[in-house]
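Notes for the one structure printed next.
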Amino acid sequence: MGRYLLRRLLLLIPVVLGVTFLTFTLMRLVPGDIVTSMMGVTAANDEALRQQILQELGLDRPLLEQYAWWLGRIVQGDFGHSFIHGGPVIDEILRRLPITLQLATMSMAIAILIGVPLGVLSAVRRGGLPDLGARVFALMGISTPSFFTGTLIVVLGAIYFPGITTLGYVPFHEDPLASLGRMIWPALSLGLGVAAIILRYTRSSVLEVLGEDYVRTARAKGLGEERVVFVHALKSALIPVITAIGIWSAFLISGAVVLEEVFAIPGLGRLILSAIENRDYPIIQGTVLFLSLAVALVMLASDLLVAAVDPRVALD
Amino acid sequence: MEPSLIAQRSPESDALPPEISGWSRLRRHILRDPATLAGLVIVLVLLAMALFAPWIAPYGANESTGTILAPPSWDHPFGTNIQGRDLFSRVVLGSQNSLGVALPSVLLAIAVGLPIGLLAGFLGGWFDSLVMRLFDIMFALPTILFAIALVAYLGPSLQNLIMTIAILYIPRVAMVARGPTLSLKSREFVLAARSYGSSTWRILRRHLLPNIMAPVLVEGSLLLSTALLTEAALSFLGLGVQPPNPSWGADLGRGRQFMELGMHQVIFPGVMIMVAVMGFNLLGDGLRDFFDPRIRRQR
């Protein structure tokens with residue numbers, strides 16, 4: 001277990017290196033000019049001043065050298081400073097990370113709370129009315145973009161329920177109830193789509209398990225249907241669902257970027273959108289590093305969870 | 001295939017591999033399953049809408065009708081927007097941009113991803129490892145960030161949007177092609193072909209390619225639905241199709257800014273995205289059920 005964990009953590013290193021190098025190269029190739037967004041057009045046209053700024057920021061050196069330099073600082077825990085407002089990148093990220101994490105966690109909680117029970121119901125009552133309803137819901141959930149659901153919630157809320165769907169963000173530690181109350185709407189917009197996906201995984205996984213021999217054995221020895229489904233079948237049926245949840249967390253992070261824009265939530269998504277607009281390289285680099293690490297860690301966690309509940313999976 | 005043959009083996013025909021009975025079996029499958037049929041109809045209607053858009057749309061995309069923010073009426077079925085443009089016309093004409101991005105980008109992703117996956121699976125070794133590590137990196141990066149960065153780099157034009165979405169989907173197509181190739185390459189018919197001296201190229205083209213077309217086709221139609229969603233999301237954020245060009249995502253994003261002045265501005269473009277995505281999803285699911293009998297039995 002310890003060795004496996006160590007190996008998986010070591011395997012993260014090349015992935016994270018690749019992701020950061022990719023964004024690094026990509027962002028340097030982006031047309032648009034950091035000097036203009038920092039100092040305005042007048043300064044950008046002054047060639048001497050421009051060279052001086054580029055030199056100060058280290059942007060006049062070769063790309064690989066810049067990357068190595070950035071990496072060297074990261075290893076020492078220094079994420080650099082924003083090109084635009086000069087504040088430390090790490091402060092900005094740590095201030096916004098909990099906001100995005102709260103949105104992602106609440107969305108995933110909603111998705112699991114809706115998706116798993118509906119998926120089980122749909123499988124157990126296959127062909128019946130609940131199954132039809134659940135499958136229609138799944139189809140709608142998969143086909144509706146979260147930003148459309150979000151926009152509808154904002155519009156309908158503004159017109160018919162003023163005061164309920166307030167935009168913006170309240171820190172959890174300041175007012176937990178208000179914080180949850182505001183975040184519930186973007187989380188719902190994002191969670192419904194993922195709920196549909198989890199529902200489909202759960203349904204097909206439960207259906208598969210219900211056809212297994214040991215389930216037939218359990219029925220044959222006279223166990224009640226409820227006990228067969230909830231004790232015998234569900235235990236192994238939910239294992240692939242855990243893997244799916246891990247994989248779709250990455251999707252959730254992508255969705256959060258768009259949803260933060262719709263609901264005016266000051267999370268990492270809006271940070272990176274404005275940073276890309278302003279060519280604020282250190283912020284982009286730092287945010288991408290954190291987000292891709294988060295995705296990789298969630299996937300690792302779901303693999304570990306699968307190994308913990310599934311005796312057939314051996315970690316080595 | 002002759003209809004009489006189908007009738008003869010009707011009860012067992014489900015157990016036959018699809019390549020034996022081909023198109024007529026596919027047609028029967030689609031006609032029998034209402035969900036797949038609905039998907040096919042939606043997709044065909046969308047394609048017709050995009051093809052004949054200039055004749056269907058009563059107004060030009062940027063033609064002013066003289067009334068701003070008119071609610072839906074006979075003259076303007078979807079109402080008008082803040083600039084007084086007819087939303088029905090914009091939605092119809094927008095289908096050209098939405099499908100015009102989604103279709104070529106998925107085709108491009110298949111054109112590049114299929115050979116990569118096929119070669120990676122067949123050759124194995126360092127090439128396979130290299131490709132897999134690269135894909136690991138691409139999968140670890142949240143897609144929308146990747147797309148935003150790429151579009152920002154390439155600049156928001158239709159061609160660049162197509163390229164960006166294609167790059168995003170290349171790994172997914174390649175993975176779908178690689179899996180079956182891995183298991184097929186040690187099967188007898190491939191070994192036999194190799195033993196009588198077929199070249200690698202011939203084995204790939206004649207023996208492996210036909211066998212992996214079905215999963216790639218299924219993945220392709222499901223990717224079309226996500227391609228539509230990605231285009232809509234990017235345009236919604238202002239990074240995709242640029243105003244004043246009509247696009248469902250862009251119009252939804254713009255309508256959002258004036259939403260208190262009339263919900264029709266967001267409802268119609270949004271519902272269009274939804275219906276289009278649903279159509280490709282239904283069709284993709286139907287095709288998957290057809291090609292993968294293991295899943296079909298569970299339904």
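Each chain in the structure tokens gets a letter, A, B and so on, in the order shown; residues start at 1 in every chain, and ligands are counted from 1 in the order they appear.
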**Asked** Got a sec to pull out which chain B residues are within 7 Å of chain A, counting only C-alpha atoms, and send them as a PyMOL selection string?
**Response** chain B and resi 136-137+140-145+149+152-153+229+256+259-260+270+274+277-278+298
**Request:** Pick out the residues sitting within 8 Å of segment 115-131 of chain B, and hand them over as a ChimeraX atom specification; count only C-alpha atoms, and ignore anything fewer than 6 positions along from it in its own chain.
**Result:** /B:173-179,181-182,185,204,209
**Prompt:** Which residues come within 7 Å of segment 99-114 of chain B, counting only C-alpha atoms, excluding same-chain residues fewer than 6 positions away, as a list in words?
**Reply:**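 Neighbouring residues, sequence-local ones excluded: Leu158, Leu161, Ile162, Met163, Ile165, Ala166, Ile167, Tyr169, Ile170, Pro171, Val173, Ala174, Ala177, Gly220, Leu223, Leu224, Ala227 and Leu228 of chain B.
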Please build the interface table for segment 170-248 of chain B against segment 59-63 of chain B with a cut-off of 9 Å, listing for each qualifying residue the nearest atom pair and the distance in Å to one decimal; count only C-alpha atoms, order rows by chain and increasing number, and write it as JSON lines.
{"residue": "B:Pro244", "atom": "CA", "partner": "B:Asn62", "partner_atom": "CA", "distance": 6.9}
{"residue": "B:Asn245", "atom": "CA", "partner": "B:Ala61", "partner_atom": "CA", "distance": 7.3}
{"residue": "B:Pro246", "atom": "CA", "partner": "B:Ala61", "partner_atom": "CA", "distance": 6.5}
**Request:** Pick out each residue of segment 58-122 of chain A that DSSP on the backbone tags as alpha helix (DSSP H); I need them as number ranges by chain.
**Result:** A: 63-75, 89-122
**Prompt:** How far is it from atom CA of Glu212 of chain A to atom CA of Pro130 of chain A, in Å with one decimal?
**Reply:**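 Straight-line distance from atom CA of Glu212 of chain A to atom CA of Pro130 of chain A works out to 22.9 Å.
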**Asked** Per DSSP on the backbone, what are the strand (DSSP E or B) residues of segment 39-282 of chain B, as a list in words?
**Response** Ser64, Thr80, Arg85 and Asp86 of chain B
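Among the candidates B:Glu188, B:Asp33, B:Asp289, B:Glu219, the residue lying nearest to His207 of chain B is B:Glu188 (atoms considered: only C-alpha atoms).
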